[in-house]
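Text of input05.csv (CSV, C-alpha atoms) as supplied:
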```csv
chain,number,residue,atom,x,y,z
A,1,MET,CA,82.0,10.2,-95.5
A,2,LYS,CA,80.4,11.2,-92.2
A,3,GLN,CA,76.9,11.3,-93.9
A,4,ALA,CA,77.4,7.8,-95.2
A,5,LEU,CA,78.2,6.5,-91.7
A,6,VAL,CA,75.0,8.1,-90.4
A,7,ASP,CA,72.9,6.5,-93.1
A,8,ASP,CA,74.4,3.1,-92.4
A,9,THR,CA,73.6,3.3,-88.7
A,10,GLU,CA,70.0,4.5,-89.5
A,11,ASP,CA,69.4,1.3,-91.5
A,12,VAL,CA,70.1,-0.9,-88.5
A,13,SER,CA,67.1,-1.7,-86.3
A,14,LEU,CA,67.4,-4.0,-83.3
A,15,ASP,CA,64.4,-4.7,-81.2
A,16,PHE,CA,65.2,-6.8,-78.2
A,17,GLY,CA,62.1,-5.5,-76.2
A,18,SER,CA,59.6,-7.5,-78.2
A,19,GLU,CA,61.6,-10.8,-77.8
A,20,GLU,CA,61.8,-10.2,-74.1
A,21,GLU,CA,58.0,-9.5,-73.8
A,22,LEU,CA,57.3,-12.7,-75.9
A,23,ALA,CA,59.5,-14.8,-73.6
A,24,LEU,CA,57.7,-13.3,-70.5
A,25,ARG,CA,54.3,-14.1,-72.0
A,26,LYS,CA,55.3,-17.7,-72.6
A,27,ALA,CA,56.2,-18.1,-68.9
A,28,LYS,CA,53.8,-20.4,-67.1
A,29,ILE,CA,52.5,-18.4,-64.1
A,30,ARG,CA,53.6,-14.9,-63.3
A,31,HIS,CA,50.9,-14.0,-60.8
A,32,PRO,CA,50.4,-17.2,-58.7
A,33,LEU,CA,48.5,-15.5,-55.9
A,34,ALA,CA,46.0,-13.9,-58.2
A,35,THR,CA,45.6,-17.1,-60.2
A,36,PHE,CA,45.0,-19.0,-57.0
A,37,PHE,CA,42.3,-16.7,-55.7
A,38,HIS,CA,40.7,-16.4,-59.1
A,39,LEU,CA,39.7,-20.1,-58.7
A,40,PHE,CA,39.7,-20.5,-54.9
A,41,PHE,CA,36.5,-18.6,-54.0
A,42,ARG,CA,34.3,-19.8,-56.9
A,43,VAL,CA,35.5,-23.4,-56.6
A,44,SER,CA,35.0,-23.3,-52.8
A,45,ALA,CA,31.5,-22.0,-53.3
A,46,ILE,CA,30.6,-24.9,-55.6
A,47,ILE,CA,32.2,-27.5,-53.3
A,48,THR,CA,30.5,-26.1,-50.2
A,49,TYR,CA,27.1,-26.1,-52.0
A,50,LEU,CA,27.6,-29.8,-53.0
A,51,PHE,CA,28.8,-31.1,-49.6
A,52,CYS,CA,27.5,-28.6,-47.1
A,53,ASP,CA,25.2,-31.2,-45.6
A,54,TRP,CA,28.3,-33.1,-44.6
A,55,PHE,CA,29.7,-30.2,-42.7
A,56,SER,CA,26.7,-28.7,-41.0
A,57,ASN,CA,23.0,-29.3,-40.6
A,58,SER,CA,22.2,-25.6,-40.4
A,59,PHE,CA,20.8,-24.3,-43.6
A,60,VAL,CA,21.4,-20.7,-42.6
A,61,ALA,CA,25.1,-21.3,-41.9
A,62,CYS,CA,25.6,-23.0,-45.3
A,63,PHE,CA,23.6,-20.3,-47.1
A,64,VAL,CA,25.7,-17.5,-45.5
A,65,THR,CA,29.0,-19.2,-46.1
A,66,ILE,CA,28.3,-19.8,-49.8
A,67,LEU,CA,27.0,-16.3,-50.3
A,68,LEU,CA,30.1,-14.9,-48.7
A,69,LEU,CA,32.3,-17.0,-51.0
A,70,LEU,CA,30.4,-15.8,-54.0
A,71,SER,CA,30.7,-12.2,-52.9
A,72,PHE,CA,34.4,-12.5,-52.3
A,73,ASP,CA,34.8,-14.1,-55.7
A,74,PHE,CA,32.8,-11.4,-57.4
A,75,TRP,CA,34.9,-8.6,-55.9
A,76,SER,CA,38.3,-10.3,-56.4
A,77,VAL,CA,37.6,-11.2,-60.1
A,78,LYS,CA,36.1,-7.8,-60.9
A,79,ASN,CA,38.8,-5.7,-59.2
A,80,VAL,CA,42.0,-7.8,-59.0
A,81,THR,CA,42.4,-10.9,-61.1
A,82,GLY,CA,40.9,-9.6,-64.3
A,83,ARG,CA,43.4,-6.7,-64.3
A,84,LEU,CA,46.4,-8.9,-63.5
A,85,LEU,CA,45.7,-12.0,-65.5
A,86,VAL,CA,44.2,-10.6,-68.7
A,87,GLY,CA,44.6,-6.8,-68.5
A,88,LEU,CA,40.9,-6.2,-68.4
A,89,ARG,CA,38.7,-4.1,-66.0
A,90,TRP,CA,35.2,-2.9,-65.8
A,91,TRP,CA,33.2,-0.8,-63.4
A,92,ASN,CA,30.3,1.6,-62.9
A,93,GLN,CA,30.5,5.3,-62.1
A,94,ILE,CA,28.0,8.1,-61.5
A,95,ASP,CA,28.6,11.4,-63.2
A,96,GLU,CA,27.6,14.9,-61.8
A,97,ASP,CA,24.2,14.6,-63.5
A,98,GLY,CA,23.4,11.4,-61.6
A,99,LYS,CA,23.7,9.2,-64.7
A,100,SER,CA,25.2,5.8,-64.5
A,101,HIS,CA,28.2,5.0,-66.7
A,102,TRP,CA,29.5,1.5,-67.4
A,103,VAL,CA,33.2,1.7,-68.2
A,104,PHE,CA,35.1,-1.2,-69.8
A,105,GLU,CA,39.0,-1.1,-70.0
A,106,ALA,CA,41.6,-3.2,-71.6
A,107,LYS,CA,45.4,-2.9,-72.2
A,108,ARG,CA,45.8,-3.1,-76.0
A,109,VAL,CA,49.6,-3.5,-76.1
A,110,PRO,CA,51.3,-6.1,-73.8
A,111,THR,CA,53.8,-4.7,-71.3
A,112,ILE,CA,56.4,-6.2,-69.0
A,113,ALA,CA,53.7,-6.9,-66.5
A,114,ALA,CA,51.4,-8.5,-69.0
A,115,SER,CA,49.7,-11.8,-68.3
A,116,THR,CA,50.9,-15.1,-69.7
A,117,GLU,CA,49.0,-17.4,-72.0
A,118,ALA,CA,48.5,-20.0,-69.2
A,119,GLU,CA,47.1,-17.3,-66.9
A,120,ALA,CA,44.7,-16.1,-69.6
A,121,ARG,CA,43.6,-19.6,-70.2
A,122,ILE,CA,42.9,-20.3,-66.5
A,123,PHE,CA,41.1,-17.0,-66.2
A,124,TRP,CA,38.7,-17.6,-69.1
A,125,LEU,CA,38.1,-21.2,-68.3
A,126,GLY,CA,37.2,-20.4,-64.7
A,127,LEU,CA,35.1,-17.4,-65.8
A,128,ILE,CA,33.0,-19.5,-68.3
A,129,ILE,CA,32.8,-23.0,-66.6
A,130,CYS,CA,31.6,-21.9,-63.2
A,131,PRO,CA,28.4,-20.0,-64.4
A,132,VAL,CA,27.6,-23.1,-66.4
A,133,ILE,CA,27.8,-25.2,-63.3
A,134,TRP,CA,25.6,-22.8,-61.3
A,135,THR,CA,23.1,-22.9,-64.2
A,136,MET,CA,23.0,-26.7,-63.9
A,137,PHE,CA,22.5,-26.3,-60.1
A,138,PHE,CA,19.5,-24.1,-60.9
A,139,PHE,CA,17.7,-26.8,-63.0
A,140,SER,CA,18.6,-29.6,-60.6
A,141,THR,CA,17.3,-27.5,-57.7
A,142,LEU,CA,14.1,-26.6,-59.6
A,143,PHE,CA,13.3,-30.2,-60.7
A,144,SER,CA,14.1,-31.7,-57.2
A,145,LEU,CA,11.9,-29.1,-55.6
A,146,LYS,CA,14.6,-27.9,-53.2
A,147,LEU,CA,13.2,-24.4,-53.4
A,148,LYS,CA,15.0,-23.1,-50.3
A,149,TRP,CA,18.3,-23.2,-52.3
A,150,LEU,CA,16.8,-21.5,-55.3
A,151,ALA,CA,17.6,-17.9,-54.1
A,152,LEU,CA,21.2,-18.9,-53.4
A,153,VAL,CA,21.6,-20.5,-56.8
A,154,ILE,CA,20.1,-17.5,-58.6
A,155,ALA,CA,22.6,-15.2,-56.6
A,156,GLY,CA,25.5,-17.4,-57.8
A,157,ILE,CA,24.3,-17.2,-61.4
A,158,SER,CA,23.8,-13.5,-61.2
A,159,LEU,CA,27.2,-12.6,-59.6
A,160,GLN,CA,29.3,-14.8,-61.9
A,161,THR,CA,27.4,-14.0,-65.1
A,162,ALA,CA,27.9,-10.3,-64.3
A,163,ASN,CA,31.6,-10.7,-64.3
A,164,LEU,CA,31.5,-12.9,-67.5
A,165,TYR,CA,29.4,-10.3,-69.3
A,166,GLY,CA,31.7,-7.5,-68.2
A,167,TYR,CA,34.9,-9.2,-69.3
A,168,ILE,CA,33.5,-10.4,-72.6
A,169,HIS,CA,32.4,-6.8,-73.3
A,170,CYS,CA,36.0,-5.7,-72.6
A,171,LYS,CA,37.4,-8.4,-74.8
A,172,VAL,CA,35.1,-7.8,-77.7
A,173,GLY,CA,35.7,-4.1,-77.5
A,174,GLY,CA,39.4,-4.6,-77.7
A,175,GLN,CA,39.1,-6.1,-81.2
A,176,LYS,CA,37.9,-2.9,-82.7
A,177,SER,CA,40.2,-0.7,-84.6
A,178,ILE,CA,41.8,2.4,-83.0
A,179,SER,CA,40.5,4.7,-85.8
A,180,ARG,CA,36.9,3.7,-85.4
A,181,VAL,CA,36.8,4.0,-81.6
A,182,THR,CA,38.9,7.1,-81.4
A,183,SER,CA,36.7,8.9,-84.0
A,184,ARG,CA,33.6,7.9,-82.0
A,185,PHE,CA,35.2,9.3,-78.9
A,186,PHE,CA,35.9,12.7,-80.4
A,187,VAL,CA,32.4,12.9,-81.9
A,188,THR,CA,30.7,12.1,-78.7
A,189,ALA,CA,33.1,13.8,-76.3
A,190,ASP,CA,30.5,16.5,-75.2
A,191,VAL,CA,27.4,14.2,-75.3
A,192,PRO,CA,27.2,11.2,-72.9
A,193,LYS,CA,26.3,8.1,-74.7
A,194,SER,CA,24.7,4.9,-73.6
A,195,ARG,CA,27.9,2.9,-73.1
A,196,GLN,CA,31.5,3.7,-72.5
A,197,THR,CA,34.5,1.5,-73.0
A,198,ARG,CA,38.1,2.6,-72.6
A,199,ARG,CA,40.9,1.0,-74.5
A,200,ILE,CA,44.4,1.9,-73.0
A,201,SER,CA,47.4,1.6,-75.3
A,202,GLY,CA,50.5,3.3,-73.9
A,203,GLY,CA,49.3,6.9,-73.7
A,204,HIS,CA,46.2,6.4,-75.8
A,205,ILE,CA,42.7,5.6,-74.6
A,206,GLU,CA,39.9,4.1,-76.8
A,207,VAL,CA,36.3,4.6,-75.7
A,208,HIS,CA,33.3,2.5,-76.6
A,209,GLY,CA,30.7,2.6,-73.9
A,210,LYS,CA,27.3,2.8,-72.3
A,211,THR,CA,25.6,5.3,-70.1
A,212,GLY,CA,22.2,4.8,-68.5
A,213,THR,CA,20.0,6.4,-65.9
A,214,ARG,CA,19.1,4.7,-62.7
```
Mind converting the file's structure to structure tokens?
Amino acid sequence: MKQALVDDTEDVSLDFGSEEELALRKAKIRHPLATFFHLFFRVSAIITYLFCDWFSNSFVACFVTILLLLSFDFWSVKNVTGRLLVGLRWWNQIDEDGKSHWVFEAKRVPTIAASTEAEARIFWLGLIICPVIWTMFFFSTLFSLKLKWLALVIAGISLQTANLYGYIHCKVGGQKSISRVTSRFFVTADVPKSRQTRRISGGHIEVHGKTGTR
């Protein structure tokens, strides 16, 4: 009789956690400050570039202001907003042998602090559209022979394309199966490879990455 009761209770499986996580992911904005600054610096740099002549006649002041906005944007997107809004992160580190390792991380399983669908959409739209706009600025600057702005436009393309490349690499790496990435990690654990990507899932880490010498 006691054994039957145990079997009955074992057949019951209630999972309220997944429903709670699904409801949280459907929330509109869970990280409003990070979402704001994800767009603020890059949009401000574009607006300042378009209308800087209205604010100041000094080319140097406009150049420095836009470059600072682009630098703030690169740092905040790379180190803060990508981690909070989409659970992705990438960086470069130097090992003891002086070799440069590019590391790409992503949270595979959503947690309570996971981003929402709206935040992810805002993140990717801002990440993709702004480099396209700077590319348009490049051609317009080149054809109008405003060569003094060319270096600034190239800097804008470089900084924002670097973040776009890094996060696409994180996203694409996250679609690989755990078995393939884990097996590759154990095979190459003692030999540094050309690229290194970590996939974090609870207590598990998936690696698919790149190492290069400087």
Residue neighbourhood A:Asn163, 12 Å, only C-alpha atoms, exclusion window fewer than 5 positions, as a compact mmCIF listing (two decimals) with C-alpha atoms, in the coordinates of the input:
```txt
# COMPACT_ATOMS: atom_id res chain seq x y z
CA HIS A 38 40.70 -16.40 -59.10
CA LEU A 70 30.40 -15.80 -54.00
CA SER A 71 30.70 -12.20 -52.90
CA ASP A 73 34.80 -14.10 -55.70
CA PHE A 74 32.80 -11.40 -57.40
CA TRP A 75 34.90 -8.60 -55.90
CA SER A 76 38.30 -10.30 -56.40
CA VAL A 77 37.60 -11.20 -60.10
CA LYS A 78 36.10 -7.80 -60.90
CA ASN A 79 38.80 -5.70 -59.20
CA THR A 81 42.40 -10.90 -61.10
CA GLY A 82 40.90 -9.60 -64.30
CA LEU A 88 40.90 -6.20 -68.40
CA ARG A 89 38.70 -4.10 -66.00
CA TRP A 90 35.20 -2.90 -65.80
CA TRP A 91 33.20 -0.80 -63.40
CA PHE A 104 35.10 -1.20 -69.80
CA PHE A 123 41.10 -17.00 -66.20
CA TRP A 124 38.70 -17.60 -69.10
CA GLY A 126 37.20 -20.40 -64.70
CA LEU A 127 35.10 -17.40 -65.80
CA ILE A 128 33.00 -19.50 -68.30
CA CYS A 130 31.60 -21.90 -63.20
CA PRO A 131 28.40 -20.00 -64.40
CA GLY A 156 25.50 -17.40 -57.80
CA ILE A 157 24.30 -17.20 -61.40
CA SER A 158 23.80 -13.50 -61.20
CA ILE A 168 33.50 -10.40 -72.60
CA HIS A 169 32.40 -6.80 -73.30
CA CYS A 170 36.00 -5.70 -72.60
```
For this session: Please indicate the distance in Å from atom CA of A:Glu117 to atom CA of A:Trp134, rounded to one decimal place.
Result: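 Value for the atom CA of A:Glu117-atom CA of A:Trp134 distance: 26.3 Å.
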Seminar exercise, completed: Closest of A:Lys171, A:Trp102, A:Ile122, A:Trp54 to A:Phe37, counting all atoms listed in the file, is A:Ile122
Problem set entry | 12 Å contact set for A:Cys62, only C-alpha atoms, chain neighbours under 2 positions out, as a ChimeraX atom specification | /A:45-60,64-69,148-149,152
Seminar exercise, completed: Across A:His31, A:Lys107, A:Gln160, A:Arg121, the smallest distance to A:Ile133, with all atoms listed in the file counted, is shown by A:Gln160
Problem set entry | A:Asn92 surroundings by only C-alpha atoms, 8 Å radius, close-in-sequence under 3 positions cut, as number ranges by chain | A: 100-103
For this session: Could you check how far atom CA of A:Ala162 sits from atom CA of A:Val132, in Å to one decimal?
Result: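 Computing the Euclidean distance for atom CA of A:Ala162 and atom CA of A:Val132 yields 13.0 Å.
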Seminar exercise, completed: Using all atoms listed in the file, the residue out of A:Phe143, A:Phe72, A:Tyr167, A:Phe137 with shortest distance to A:Ser44 is A:Phe72
Seminar exercise, completed: Taken to one decimal, the atom CA of A:Phe41-atom CA of A:Glu105 distance is 23.8 Å
Exercise. Between A:Gln93, A:Ser140, A:Thr116, A:Thr135, which has the minimum distance to A:Ile154 (counting all atoms listed in the file)?
Worked result: A:Thr135
